[in-house]
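> I have a structure here, written as structure tokens, and I will follow up with some questions on it.
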Amino acid sequence: MESGVGYLVQADDAVKAIILEKLNESNDDVGVSAVKALGVLVQTDEAVKAIILEKLNDSDNDVRSSAVTALSVLVQTDEAVKAIIVEKLQGSDKDFRRSAVTALRDLDQTDEAVKASIDQKRKDREKETR
């Protein structure tokens, strides 16, 4: 269903406007769904990309994780987004870090800075479990 909404967002500015309004709903599930729906636009709409980047600092973990997932399509082509997501690996929220690692996974083998950050997180996690 969410991907269907995403295609509507691409096709209709009125739908996009409604979903942008929903980003600030007090219901976190609505915010997560709005971020996911807007995720299809991050490659083509700089304003949406900026809004989703702001959601990386949302108070709700699920919204932050959804924002990382939405931005993951940009990590191979947008150095600024990649740097922000690498920085988020240092956060204390386990689910959020997991989303960041997933977003960066494809770069793990080709980008030394990403590989070093992911390796450090793995080492830190191993120390925590001992």
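The way I read the labels, and the way they are meant: chains A, B, ... in the order of the structure tokens, residue 1 as the first residue of every chain, and ligand 1 as the first ligand shown, with later ones counted on from there.
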Neighbours of Leu38 of chain A within 8 Å (only C-alpha atoms; same-chain residues fewer than 2 positions away dropped), as a ChimeraX atom specification?
/A:6,9,16,19,34-36,40-42,48,70
> Please write the residues from the selection above to a file, keeping N, CA and C atoms, as an mmCIF file, in the first residue's frame.

```cif
data_model
loop_
_atom_site.group_PDB
_atom_site.id
_atom_site.type_symbol
_atom_site.label_atom_id
_atom_site.label_comp_id
_atom_site.auth_asym_id
_atom_site.auth_seq_id
_atom_site.Cartn_x
_atom_site.Cartn_y
_atom_site.Cartn_z
ATOM 1 N N GLY A 6 3.294 6.128 -2.686
ATOM 2 C CA GLY A 6 4.492 6.762 -3.223
ATOM 3 C C GLY A 6 4.343 7.133 -4.682
ATOM 4 N N VAL A 9 2.207 10.129 -4.970
ATOM 5 C CA VAL A 9 2.952 11.324 -4.597
ATOM 6 C C VAL A 9 3.737 11.840 -5.805
ATOM 7 N N LYS A 16 1.087 15.069 -2.600
ATOM 8 C CA LYS A 16 2.360 15.378 -1.947
ATOM 9 C C LYS A 16 2.157 16.398 -0.825
ATOM 10 N N ILE A 19 0.567 14.762 2.212
ATOM 11 C CA ILE A 19 1.508 13.895 2.926
ATOM 12 C C ILE A 19 2.543 14.731 3.670
ATOM 13 N N ALA A 34 4.290 8.644 6.268
ATOM 14 C CA ALA A 34 4.520 9.826 5.432
ATOM 15 C C ALA A 34 5.959 9.855 4.925
ATOM 16 N N VAL A 35 6.912 9.562 5.802
ATOM 17 C CA VAL A 35 8.316 9.528 5.382
ATOM 18 C C VAL A 35 8.511 8.465 4.307
ATOM 19 N N LYS A 36 7.943 7.291 4.509
ATOM 20 C CA LYS A 36 8.073 6.222 3.516
ATOM 21 C C LYS A 36 7.457 6.623 2.183
ATOM 22 N N VAL A 40 10.062 8.060 -2.203
ATOM 23 C CA VAL A 40 10.212 7.885 -3.654
ATOM 24 C C VAL A 40 10.652 9.169 -4.339
ATOM 25 N N LEU A 41 10.575 10.293 -3.642
ATOM 26 C CA LEU A 41 10.908 11.577 -4.248
ATOM 27 C C LEU A 41 12.300 12.096 -3.894
ATOM 28 N N VAL A 42 13.025 11.424 -3.019
ATOM 29 C CA VAL A 42 14.291 11.986 -2.550
ATOM 30 C C VAL A 42 15.304 12.165 -3.672
ATOM 31 N N VAL A 48 11.948 17.803 -0.737
ATOM 32 C CA VAL A 48 11.585 16.579 0.002
ATOM 33 C C VAL A 48 12.829 15.981 0.638
ATOM 34 N N ALA A 70 14.670 5.843 3.529
ATOM 35 C CA ALA A 70 14.289 6.653 2.372
ATOM 36 C C ALA A 70 15.518 7.277 1.708
#
```
> Which distance in Å separates atom CA of Glu25 of chain A and atom CA of Ile85 of chain A, to one decimal?
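Separation of atom CA of Glu25 of chain A and atom CA of Ile85 of chain A: 24.5 Å.
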> Compile the contact shell of Leu23 of chain A as a list in words: residues with an atom at most 12 Å away, counting only C-alpha atoms, same-chain residues fewer than 6 positions apart removed.
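Close residues of Leu23 of chain A: Lys16, Ala17, Asp29, Val30, Gly31, Val32, Ser33, Ala34, Val35, Lys36, Ala37, Leu38, Val48, Ile51, Ile52, Glu54, Lys55, Asp58, Asp60, Val63, Arg64, Ser66 and Ala67 of chain A.
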> Please produce a file of those selected residues containing N, CA and C atoms, as a compact mmCIF listing (two decimals), in the first residue's frame.

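Written out: result23.txt:
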```txt
# COMPACT_ATOMS: atom_id res chain seq x y z
N LYS A 16 1.09 15.07 -2.60
CA LYS A 16 2.36 15.38 -1.95
C LYS A 16 2.16 16.40 -0.83
N ALA A 17 1.38 17.43 -1.07
CA ALA A 17 1.13 18.46 -0.06
C ALA A 17 0.44 17.87 1.16
N ASP A 29 2.96 6.60 13.86
CA ASP A 29 2.74 5.71 12.72
C ASP A 29 2.43 6.50 11.46
N VAL A 30 1.71 7.59 11.61
CA VAL A 30 1.39 8.45 10.47
C VAL A 30 2.67 9.09 9.95
N GLY A 31 3.52 9.55 10.86
CA GLY A 31 4.79 10.15 10.46
C GLY A 31 5.68 9.17 9.72
N VAL A 32 5.75 7.93 10.21
CA VAL A 32 6.55 6.90 9.55
C VAL A 32 6.01 6.65 8.14
N SER A 33 4.72 6.51 8.02
CA SER A 33 4.11 6.26 6.70
C SER A 33 4.35 7.43 5.75
N ALA A 34 4.29 8.64 6.27
CA ALA A 34 4.52 9.83 5.43
C ALA A 34 5.96 9.86 4.92
N VAL A 35 6.91 9.56 5.80
CA VAL A 35 8.32 9.53 5.38
C VAL A 35 8.51 8.47 4.31
N LYS A 36 7.94 7.29 4.51
CA LYS A 36 8.07 6.22 3.52
C LYS A 36 7.46 6.62 2.18
N ALA A 37 6.30 7.24 2.22
CA ALA A 37 5.62 7.65 0.99
C ALA A 37 6.45 8.70 0.24
N LEU A 38 7.06 9.61 0.98
CA LEU A 38 7.86 10.65 0.35
C LEU A 38 9.22 10.14 -0.11
N VAL A 48 11.95 17.80 -0.74
CA VAL A 48 11.58 16.58 0.00
C VAL A 48 12.83 15.98 0.64
N ILE A 51 13.59 17.81 3.77
CA ILE A 51 12.62 17.48 4.83
C ILE A 51 12.94 16.12 5.44
N ILE A 52 13.26 15.16 4.59
CA ILE A 52 13.58 13.82 5.11
C ILE A 52 14.90 13.85 5.88
N GLU A 54 15.85 16.29 7.71
CA GLU A 54 15.45 16.81 9.03
C GLU A 54 14.86 15.70 9.90
N LYS A 55 14.16 14.76 9.27
CA LYS A 55 13.52 13.67 10.03
C LYS A 55 14.54 12.71 10.64
N ASP A 58 14.30 13.36 14.25
CA ASP A 58 12.97 13.28 14.85
C ASP A 58 13.06 12.61 16.21
N ASP A 60 11.05 10.41 17.33
CA ASP A 60 10.59 9.03 17.23
C ASP A 60 11.61 8.18 16.46
N VAL A 63 10.49 6.95 12.96
CA VAL A 63 10.54 8.01 11.94
C VAL A 63 11.99 8.19 11.48
N ARG A 64 12.93 8.22 12.43
CA ARG A 64 14.35 8.37 12.07
C ARG A 64 14.81 7.20 11.20
N SER A 66 12.98 5.27 9.30
CA SER A 66 12.33 5.39 7.99
C SER A 66 13.03 6.44 7.13
N ALA A 67 13.49 7.50 7.75
CA ALA A 67 14.20 8.54 7.01
C ALA A 67 15.52 8.00 6.46
```
